[in-house]
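Below you'll find the structure, written out as structure tokens, and then a few comments.
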Protein chains: 4
Amino acid sequence: MNATYILRISCPDRVGLVNEITSFFKEHGHNIIEIDQYVDLHQSRFFMRIAFTQATGALQEKLGDFMGRLNGGTEWDLHPADHKLRVAIFVTRESHCLLDILSRSIDGELPVEIPLIISNHEDLGVIARQFNIPFKHIPVTAESKSGAEAEQLALLKHHQVDVVVLAKYMQIVSPDFIQAYRNRIINIHHSFLPAFPGARPYHSAYYRGVKIIGATSHFVTEELDAGPIIEQDVIRVKHSDSIEDLKRKGKEVEKNVLSRALWYYANRRIMTYGNKTILF
Amino acid sequence: MNATYILRISCPDRVGLVNEITSFFKEHGHNIIEIDQYVDLHQSRFFMRIAFTQATGALQEKLGDFMGRLNGGTEWDLHPADHKLRVAIFVTRESHCLLDILSRSIDGELPVEIPLIISNHEDLGVIARQFNIPFKHIPVTAESKSGAEAEQLALLKHHQVDVVVLAKYMQIVSPDFIQAYRNRIINIHHSFLPAFPGARPYHSAYYRGVKIIGATSHFVTEELDAGPIIEQDVIRVKHSDSIEDLKRKGKEVEKNVLSRALWYYANRRIMTYGNKTILF
Amino acid sequence: MNATYILRISCPDRVGLVNEITSFFKEHGHNIIEIDQYVDLHQSRFFMRIAFTQATGALQEKLGDFMGRLNGGTEWDLHPADHKLRVAIFVTRESHCLLDILSRSIDGELPVEIPLIISNHEDLGVIARQFNIPFKHIPVTAESKSGAEAEQLALLKHHQVDVVVLAKYMQIVSPDFIQAYRNRIINIHHSFLPAFPGARPYHSAYYRGVKIIGATSHFVTEELDAGPIIEQDVIRVKHSDSIEDLKRKGKEVEKNVLSRALWYYANRRIMTYGNKTILF
Amino acid sequence: MNATYILRISCPDRVGLVNEITSFFKEHGHNIIEIDQYVDLHQSRFFMRIAFTQATGALQEKLGDFMGRLNGGTEWDLHPADHKLRVAIFVTRESHCLLDILSRSIDGELPVEIPLIISNHEDLGVIARQFNIPFKHIPVTAESKSGAEAEQLALLKHHQVDVVVLAKYMQIVSPDFIQAYRNRIINIHHSFLPAFPGARPYHSAYYRGVKIIGATSHFVTEELDAGPIIEQDVIRVKHSDSIEDLKRKGKEVEKNVLSRALWYYANRRIMTYGNKTILF
């Protein structure tokens with residue numbers, strides 16, 4: 001039996017929460033398929049993800065009532081398990097992350113729809129056309145940035161986009177843009193953060209002489225490369241690797257790390273609090 | 001607040017188990033600190049580990065009553081959280097796994113007591129004496145094996161040993177010995193099982209030309225190197241690595257993998273069913 | 001200065017080889033850019049790869065004379081450094097490895113041309129058309145196999161194919177086919193060989209309860225999944241991962257491992273002897 | 001045949017160096033067992049390590065003559081291959097790195113002698129006594145630091161120490177001390193540098209919410225945690241890992257990374273230039 005809904009709950013911790021929540025499901029006849037919970041002891045906060053098959057009847061309303069009684073400070077959301085996440089991909093000139101997401105999408109691994117690719121350059125339009133996805137070229141300069149973002153936001157709204165993926169989009173997005181998609185903009189940074197934030201991390205890694213390089217996917221916040229980390233991975237490098245070798249090896253890590261982050265997101269497996277993520 | 005007990009339950013799966021079990025804890029005032037569960041869908045079996053602080057009163061008896069009512073086929077055990085696991089270490093001539101366990105023990109990482117080291121050779125007696133641990137030299141030949149095992153079993157009983165660790169013990173233990181310590185004998189095998197079971201796996205790995213080698217810790221069963229796997233890890237090798245290089249690199253993996261397995265065991269984090277382990 | 005040629009030499013080892021070979025280069029004014037060598041002590045065999053910029057003059061002939069004088073049993077080959085490897089990709093229904101090679105090809109990471117995709121099913125024709133690559137559907141049954149391979153070989157010849165990549169091609173190729181492309185057919189097997197050769201390795205891994213899964217790229221030989229290994233990698237799995245989870249995690253490893261093998265091949269960095277590979 | 005000497009050369013790069021150096025060996029009848037070279041293209045510098053069996057005759061003198069003619073700016077050193085490196089270990093209170101080095105030393109993996117353990121606390125004296133190694137307790141306070149270092153340096157000189165290993169020595173050594181043992185002091189830092197330099201990196205990693213932690217061994221320079229990196233490794237962490245879990249997992253990485261660095265050093269496999277290391 002497959003789950004029909006996914007519920008996520010975050011609230012102040014106290015004794016008995018697992019029991020109370022599972023009692024609600026038992027009482028209403030919803031069948032729990034998968035349950036994960038975690039308590040952050042520093043912040044005394046409880047997190048839970050439940051995948052379940054709902055009984056007939058008014059799920060949403062009763063769940064709302066229950067959550068209202070549960071605890072002050074409770075946050076929750078409910079998603080149909082078969083909802084296909086609507087993803088807009090922002091790119092500049094590098095294709096590897098875009099192509100990896102498209103590849104995982106067409107073979108069904110990533111349960112997403114991609115109604116839109118936006119780029120500040122025209123280069124990757126050819127790939128969008130190969131995959132038959134609308135491509136919008138929106139140049140960005142210091143002067144045009146505000147208007148460009150307005151155009152981007154209008155497109156996101158029009159296409160009912162759930163999440164924005166910056167797949168090597170070499171522009172810094174503004175606080176207003178971030179605010180509009182809080183914890184819904186996923187970036188890939190080509191270093192093992194917090195090492196080497198900002199520009200040209202492979203150059204920095206080369207000159208620092210590290211023996212391992214990495215990549216980091218994270219939610220975008222107002223502070224550059226400092227948002228909640230979703231996934232990271234690394235690859236070993238040798239003294240004989242040039243900067244070009246680092247870029248080549250790193251590209252593989254980048255695309256894997258970004259696509260995995262999107263998989264977690266699409267399956268409603270990420271919960272964010274403060275500057276950290278919980279991956280269920 | 002720290003847990004005072006650890007409870008593990010395994011039973012046929014059905015709807016409502018999490019709720020019923022947490023209801024028991026709520027009703028009796030035991031405070032759940034940490035809870036993990038898993039359902040094996042192939043075998044329709046439910047597994048749970050709960051670390052909790054017990055209320056005053058007759059825990060053991062009431063828990064027994066509850067478990068009796070829970071489900072046919074329920075298995076459970078209860079351990080004081082501060083119990084120090086009593087470990088006997090069996091060795092032959094190689095010291096690295098033994099020294100790693102001793103090292104992690106004296107700095108408190110491994111919550112174990114080591115009342116006994118047994119070896120079929122005298123070489124490592126010097127290390128036992130360094131660490132002030134009783135060392136028993138029990139030679140094993142084809143003829144003496146049965147008597148040797150009887151002597152070993154008597155010592156294990158006398159020292160109230162909970163678990164036996166074969167830390168590069170180059171002897172095959174008999175079915176009778178295994179039966180006496182079912183799922184309580186942890187072995188380290190120096191390959192990434194099921195690749196290269198049996199003798200001389202580094203030689204085999206070298207001649208096969210693999211690019212990665214590994215090690216596997218597992219419970220000992222009657223079939224050689226085929227018991228439930230607890231932990232595995234790997235390390236990359238190069239075409240220029242000799243068999244000696246493989247042994248050297250492999251030793252690091254072996255000791256880490258064995259000590260991690262023992263950590264899981266000592267913290268009551270392993271549940272075994274059929275030929276698989278669950279690590280909570 | 002970039003290399004214009006890549007030379008690979010393999011010969012019985014003896015004292016002074018590095019000096020003699022570098023003397024040839026010095027004498028003729030060829031400038032060595034990169035040099036790698038390795039001596040297999042078990043087989044007493046010497047291996048060298050030299051990337052160099054040739055001086056004007058008759059390189060090939062003089063090199064042939066030199067090699068003739070070098071040692072009995074010397075094997076060597078010489079390739080223009082800018083030669084783009086001509087690759088035929090064989091697929092069945094799974095797209096992830098194919099798409100990863102195409103992706104790395106169009107962004108220039110893989111210096112290859114792909115004149116041909118061959119499949120025993122029609123499913124992936126759509127991807128071939130997206131990337132504007134000729135696609136040939138050649139069904140294979142027990143009866144038609146011999147004729148199908150004749151047709152495949154004719155196409156490979158017609159398209160002057162250097163190397164065949166079996167990118168999840170779920171057919172066993174015949175000894176005659178292997179003989180025609182000895183050490184020029186690269187397969188990806190979805191396990192950490194020699195563990196789990198043959199069919200359904202993820203099922204086997206699941207039931208064996210391993211804690212890490214992997215993938216292996218290797219040259220195809222007459223013995224199934226037993227040819228020289230080029231590259232391997234692994235990923236950690238959990239007790240809660242289903243067979244579907246193993247497949248999903250494994251696909252990422254498979255495509256990375258296969259594309260890396262092709263990168264080594266395209267850059268003339270693989271030397272094969274007996275059943276092992278040297279990666280320079 | 002085993003090598004009797006190890007030669008390391010570093011000099012400005014130019015055409016023909018490999019040939020000239022191997023010609024010297026051929027001319028004098030020294031038999032090269034192992035040869036590694038690397039050219040740093042950014043700095044146009046050539047590096048080579050040769051393990052060889054010397055012919056009878058005046059090796060050192062002739063080698064000196066040859067090196068004098070080779071190139072301006074040539075640096076080289078020559079070590080008997082069977083020289084056992086003399087290592088002083090500095091510790092504070094944590095034992096895991098110390099015990100790992102001692103363990104690898106007694107089983108012959110690390111070709112070192114350890115004439116001396118120095119600590120600013122008395123705690124680990126018991127381990128030194130277990131392994132029968134002289135232990136010197138030298139307390140360090142802001143006032144006593146200069147005198148303490150003088151005492152340390154005198155001991156190092158007296159014991160003819162080749163290299164100092166800071167095995168979780170929680171004191172910053174002075175520029176004078178560093179100058180006396182330039183590129184001969186190896187430190188272990190418990191983070192994946194350059195992330196989280198300085199104090200309490202596991203706390204920082206926890207609060208930053210990274211998904212992977214690491215450790216770094218490096219030569220000590222005047223700038224804290226910024227010297228040439230020798231080796232790094234990482235381990236994956238989960239959202240549910242506490243700071244204590246990070247410390248436990250990290251300890252395993254720390255000791256492996258430090259012991260590997262010492263292995264490279266003891267086998268004369270490290271060459272340092274600028275702020276980078278070459279590992280042959």
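As shown in the structure tokens, the chain order sets the letters A, B, ...; within each chain, residues go from 1, and ligands are also counted from 1 in the order they appear.
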
Nearby residues (only C-alpha atoms) at most 8 Å from A:Ser242, same-chain spacing under 3 positions excluded, as a ChimeraX atom specification: /A:206,245-246

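Set the cut-off at 7 Å, count only C-alpha atoms, and the residues of chain B near chain A turn out to be Val15, Gly16, Asn19, Thr22, Ser23, Lys26 and Asn31 of chain B.
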
Would you mind aligning chain C to chain A, a least-squares fit over all C-alpha atoms taken in order, and returning the superposed chain as a compact mmCIF listing (two decimals) with C-alpha atoms, in the first residue's frame?
```txt
# COMPACT_ATOMS: atom_id res chain seq x y z
CA MET C 1 -0.11 0.02 0.01
CA ASN C 2 1.32 3.40 -0.96
CA ALA C 3 1.08 6.57 1.07
CA THR C 4 -1.39 9.13 -0.20
CA TYR C 5 -0.26 12.03 1.96
CA ILE C 6 2.87 13.32 3.63
CA LEU C 7 2.55 15.29 6.86
CA ARG C 8 5.37 17.27 8.45
CA ILE C 9 5.14 18.68 11.97
CA SER C 10 7.54 20.85 13.93
CA CYS C 11 6.72 22.02 17.45
CA PRO C 12 8.23 22.64 20.89
CA ASP C 13 9.16 19.30 22.42
CA ARG C 14 7.37 17.78 25.40
CA VAL C 15 6.61 14.32 26.74
CA GLY C 16 4.03 12.26 24.86
CA LEU C 17 4.02 13.85 21.40
CA VAL C 18 4.61 10.65 19.44
CA ASN C 19 1.76 9.01 21.30
CA GLU C 20 -0.67 11.89 20.82
CA ILE C 21 0.02 12.20 17.13
CA THR C 22 -0.23 8.48 16.47
CA SER C 23 -3.44 8.43 18.52
CA PHE C 24 -4.95 10.94 16.10
CA PHE C 25 -4.10 8.68 13.19
CA LYS C 26 -5.49 5.62 14.94
CA GLU C 27 -8.70 7.33 15.96
CA HIS C 28 -9.42 8.52 12.43
CA GLY C 29 -8.36 5.32 10.72
CA HIS C 30 -5.45 6.75 8.73
CA ASN C 31 -2.83 4.10 8.11
CA ILE C 32 0.77 5.18 8.84
CA ILE C 33 3.19 3.81 6.24
CA GLU C 34 6.38 5.54 7.30
CA ILE C 35 7.21 7.59 10.35
CA ASP C 36 10.35 9.55 11.22
CA GLN C 37 10.95 11.85 14.15
CA TYR C 38 13.78 13.79 15.68
CA VAL C 39 14.18 15.97 18.75
CA ASP C 40 16.67 18.80 18.71
CA LEU C 41 17.78 18.87 22.33
CA HIS C 42 19.54 22.23 22.06
CA GLN C 43 16.39 23.94 20.87
CA SER C 44 13.96 21.55 22.57
CA ARG C 45 12.04 21.17 19.33
CA PHE C 46 10.27 18.12 17.94
CA PHE C 47 10.16 17.20 14.24
CA MET C 48 8.12 14.49 12.56
CA ARG C 49 7.37 13.26 9.06
CA ILE C 50 4.54 10.80 8.49
CA ALA C 51 3.64 9.19 5.17
CA PHE C 52 0.15 7.71 5.42
CA THR C 53 -2.92 6.46 3.59
CA GLN C 54 -5.91 8.52 4.61
CA ALA C 55 -9.27 7.11 5.50
CA THR C 56 -12.29 8.58 3.76
CA GLY C 57 -13.55 11.77 5.36
CA ALA C 58 -12.50 15.31 6.04
CA LEU C 59 -8.77 14.91 6.62
CA GLN C 60 -7.59 18.47 6.27
CA GLU C 61 -10.11 20.03 8.63
CA LYS C 62 -9.73 17.51 11.42
CA LEU C 63 -5.96 17.66 11.11
CA GLY C 64 -6.17 21.44 11.46
CA ASP C 65 -8.24 21.11 14.62
CA PHE C 66 -5.80 18.60 16.07
CA MET C 67 -2.75 20.72 15.28
CA GLY C 68 -4.46 23.74 16.84
CA ARG C 69 -4.76 21.83 20.09
CA LEU C 70 -1.28 20.27 19.96
CA ASN C 71 1.14 22.92 21.14
CA GLY C 72 1.84 26.61 20.82
CA GLY C 73 4.35 27.22 18.06
CA THR C 74 3.36 24.20 15.99
CA GLU C 75 4.13 24.37 12.28
CA TRP C 76 2.88 21.76 9.86
CA ASP C 77 2.19 21.07 6.22
CA LEU C 78 0.41 18.36 4.29
CA HIS C 79 1.14 17.29 0.72
CA PRO C 80 -0.45 14.71 -1.55
CA ALA C 81 2.22 12.04 -1.97
CA ASP C 82 1.81 11.96 -5.72
CA HIS C 83 2.16 15.70 -6.23
CA LYS C 84 4.84 16.40 -8.80
CA LEU C 85 6.99 19.28 -7.61
CA ARG C 86 7.06 22.17 -10.08
CA VAL C 87 10.67 23.27 -10.51
CA ALA C 88 12.15 26.29 -12.25
CA ILE C 89 15.81 25.92 -13.12
CA PHE C 90 18.06 28.98 -13.31
CA VAL C 91 21.30 28.57 -15.24
CA THR C 92 24.08 30.61 -16.74
CA ARG C 93 26.50 28.84 -19.08
CA GLU C 94 27.47 25.55 -17.49
CA SER C 95 25.24 22.65 -18.49
CA HIS C 96 26.20 19.75 -16.22
CA CYS C 97 23.80 20.40 -13.33
CA LEU C 98 20.92 21.23 -15.65
CA LEU C 99 21.46 18.09 -17.69
CA ASP C 100 21.68 15.92 -14.60
CA ILE C 101 18.34 17.18 -13.30
CA LEU C 102 16.72 16.75 -16.71
CA SER C 103 18.19 13.24 -16.99
CA ARG C 104 16.94 12.18 -13.57
CA SER C 105 13.58 13.73 -14.35
CA ILE C 106 12.92 11.90 -17.61
CA ASP C 107 13.78 8.51 -16.18
CA GLY C 108 11.38 9.04 -13.28
CA GLU C 109 13.92 9.19 -10.48
CA LEU C 110 13.02 12.80 -9.67
CA PRO C 111 9.24 13.28 -9.25
CA VAL C 112 9.27 16.78 -10.71
CA GLU C 113 7.86 18.83 -13.54
CA ILE C 114 10.06 21.50 -15.06
CA PRO C 115 7.83 24.15 -16.64
CA LEU C 116 10.62 26.69 -17.07
CA ILE C 117 14.34 27.26 -17.51
CA ILE C 118 15.58 30.83 -16.99
CA SER C 119 19.05 32.06 -17.90
CA ASN C 120 20.97 35.30 -18.01
CA HIS C 121 22.68 33.98 -21.16
CA GLU C 122 21.39 32.31 -24.31
CA ASP C 123 23.90 29.44 -24.40
CA LEU C 124 21.78 26.72 -22.82
CA GLY C 125 18.63 27.48 -24.80
CA VAL C 126 19.63 24.67 -27.14
CA ILE C 127 19.41 22.16 -24.30
CA ALA C 128 16.01 23.48 -23.20
CA ARG C 129 14.79 22.99 -26.76
CA GLN C 130 16.25 19.46 -26.90
CA PHE C 131 14.19 18.59 -23.85
CA ASN C 132 11.20 20.61 -25.05
CA ILE C 133 11.12 22.93 -22.03
CA PRO C 134 10.28 26.65 -22.25
CA PHE C 135 13.46 28.73 -22.03
CA LYS C 136 13.46 32.37 -21.05
CA HIS C 137 16.54 34.49 -21.61
CA ILE C 138 16.57 37.33 -19.09
CA PRO C 139 19.86 39.26 -19.18
CA VAL C 140 20.99 40.71 -15.87
CA THR C 141 23.18 43.78 -15.44
CA ALA C 142 23.64 46.00 -12.42
CA GLU C 143 21.07 48.37 -13.89
CA SER C 144 18.57 45.80 -15.12
CA LYS C 145 18.68 43.51 -12.10
CA SER C 146 15.60 44.82 -10.38
CA GLY C 147 13.51 44.61 -13.54
CA ALA C 148 14.93 41.20 -14.38
CA GLU C 149 13.93 39.82 -11.00
CA ALA C 150 10.42 41.27 -11.38
CA GLU C 151 10.16 39.45 -14.69
CA GLN C 152 11.50 36.23 -13.13
CA LEU C 153 9.04 36.42 -10.24
CA ALA C 154 6.13 36.99 -12.59
CA LEU C 155 7.14 33.93 -14.58
CA LEU C 156 7.50 31.81 -11.44
CA LYS C 157 4.03 32.85 -10.36
CA HIS C 158 2.53 32.27 -13.79
CA HIS C 159 4.01 28.76 -13.94
CA GLN C 160 2.99 27.98 -10.34
CA VAL C 161 6.55 27.11 -9.45
CA ASP C 162 7.11 25.37 -6.09
CA VAL C 163 10.87 25.57 -5.90
CA VAL C 164 13.69 27.38 -7.69
CA VAL C 165 16.95 25.56 -8.40
CA LEU C 166 20.03 27.66 -9.07
CA ALA C 167 21.91 25.15 -11.21
CA LYS C 168 25.16 27.12 -11.56
CA TYR C 169 23.35 30.44 -11.91
CA MET C 170 26.17 32.92 -11.56
CA GLN C 171 24.15 35.80 -10.20
CA ILE C 172 23.40 36.84 -6.64
CA VAL C 173 19.66 37.02 -6.04
CA SER C 174 18.25 39.96 -4.06
CA PRO C 175 16.78 39.83 -0.55
CA ASP C 176 13.31 40.54 -1.98
CA PHE C 177 13.56 37.56 -4.28
CA ILE C 178 14.78 35.37 -1.42
CA GLN C 179 11.96 36.56 0.79
CA ALA C 180 9.40 35.58 -1.86
CA TYR C 181 10.77 32.00 -1.97
CA ARG C 182 12.09 31.56 1.57
CA ASN C 183 13.59 28.05 1.92
CA ARG C 184 12.42 27.32 -1.61
CA ILE C 185 15.56 28.36 -3.51
CA ILE C 186 18.21 25.64 -3.71
CA ASN C 187 21.73 26.61 -4.76
CA ILE C 188 24.78 24.52 -5.57
CA HIS C 189 28.10 25.94 -4.44
CA HIS C 190 31.26 24.38 -5.82
CA SER C 191 33.12 23.98 -2.55
CA PHE C 192 32.87 22.13 0.71
CA LEU C 193 31.26 24.96 2.70
CA PRO C 194 32.11 26.77 4.89
CA ALA C 195 35.48 26.43 3.15
CA PHE C 196 35.90 28.66 0.10
CA PRO C 197 32.64 30.63 -0.08
CA GLY C 198 32.22 33.17 -2.85
CA ALA C 199 33.97 33.32 -6.18
CA ARG C 200 36.45 30.89 -7.74
CA PRO C 201 36.58 28.19 -5.05
CA TYR C 202 38.52 25.74 -7.24
CA HIS C 203 41.27 28.31 -7.67
CA SER C 204 41.33 28.83 -3.91
CA ALA C 205 41.38 25.08 -3.28
CA TYR C 206 44.26 24.67 -5.70
CA TYR C 207 46.37 27.39 -4.14
CA ARG C 208 45.57 26.24 -0.60
CA GLY C 209 46.72 22.74 -1.52
CA VAL C 210 43.77 20.81 -0.11
CA LYS C 211 43.71 17.05 -0.65
CA ILE C 212 39.92 16.78 -1.00
CA ILE C 213 37.43 19.08 -2.73
CA GLY C 214 33.65 19.15 -2.43
CA ALA C 215 30.34 20.72 -3.27
CA THR C 216 27.43 21.94 -1.16
CA SER C 217 23.72 22.35 -1.90
CA HIS C 218 21.94 24.77 0.38
CA PHE C 219 18.93 27.00 0.68
CA VAL C 220 19.67 30.55 -0.36
CA THR C 221 19.57 33.18 2.38
CA GLU C 222 20.54 36.83 2.44
CA GLU C 223 24.09 35.96 3.48
CA LEU C 224 26.11 34.57 0.57
CA ASP C 225 26.73 30.78 0.69
CA ALA C 226 25.65 30.68 4.32
CA GLY C 227 22.11 29.23 4.16
CA PRO C 228 20.96 25.87 5.58
CA ILE C 229 23.01 23.04 4.07
CA ILE C 230 21.03 20.22 2.48
CA GLU C 231 23.70 17.91 1.11
CA GLN C 232 27.47 17.81 0.64
CA ASP C 233 29.93 15.44 -0.91
CA VAL C 234 33.63 15.33 -1.66
CA ILE C 235 36.22 13.83 -3.98
CA ARG C 236 39.92 13.26 -3.43
CA VAL C 237 42.43 15.26 -5.47
CA LYS C 238 46.17 14.84 -6.02
CA HIS C 239 49.07 17.25 -6.02
CA SER C 240 49.28 16.70 -9.76
CA ASP C 241 45.72 17.86 -10.40
CA SER C 242 45.54 21.22 -12.12
CA ILE C 243 42.77 23.76 -11.58
CA GLU C 244 41.15 22.29 -14.71
CA ASP C 245 41.31 18.82 -13.15
CA LEU C 246 39.67 20.17 -9.99
CA LYS C 247 36.88 21.69 -12.07
CA ARG C 248 36.34 18.45 -13.94
CA LYS C 249 36.29 16.27 -10.83
CA GLY C 250 34.19 18.86 -9.03
CA LYS C 251 31.50 18.99 -11.69
CA GLU C 252 30.58 15.38 -10.99
CA VAL C 253 30.24 16.13 -7.30
CA GLU C 254 28.27 19.33 -7.94
CA LYS C 255 25.62 17.68 -10.07
CA ASN C 256 25.21 14.71 -7.73
CA VAL C 257 24.89 16.92 -4.67
CA LEU C 258 22.37 19.24 -6.29
CA SER C 259 20.22 16.45 -7.72
CA ARG C 260 20.20 14.63 -4.39
CA ALA C 261 19.07 17.83 -2.63
CA LEU C 262 16.24 18.18 -5.12
CA TRP C 263 15.28 14.54 -4.55
CA TYR C 264 15.00 15.16 -0.81
CA TYR C 265 12.96 18.28 -1.45
CA ALA C 266 10.63 16.66 -3.98
CA ASN C 267 9.93 13.83 -1.57
CA ARG C 268 9.19 16.29 1.25
CA ARG C 269 12.08 14.91 3.24
CA ILE C 270 13.67 18.20 4.26
CA MET C 271 12.67 20.13 7.35
CA THR C 272 14.46 23.42 8.01
CA TYR C 273 14.84 25.23 11.31
CA GLY C 274 17.20 28.04 12.10
CA ASN C 275 20.15 27.48 9.82
CA LYS C 276 20.05 23.69 9.75
CA THR C 277 18.19 21.02 7.83
CA ILE C 278 16.78 17.71 8.96
CA LEU C 279 16.75 15.03 6.25
CA PHE C 280 14.21 12.31 6.89
```

DSSP-assigned strand (DSSP E) members of stretch 24-263 of chain A, reported as a ChimeraX atom specification: /A:31-40,45-53,75-80,85-91,112-119,135-137,163-166,185-189,212-219,229-236

In stretch 13-227 of chain A, DSSP alpha helix (DSSP H) residues written as a ChimeraX atom specification: /A:17-28,59-70,96-106,125-130,145-158,175-180,201-208
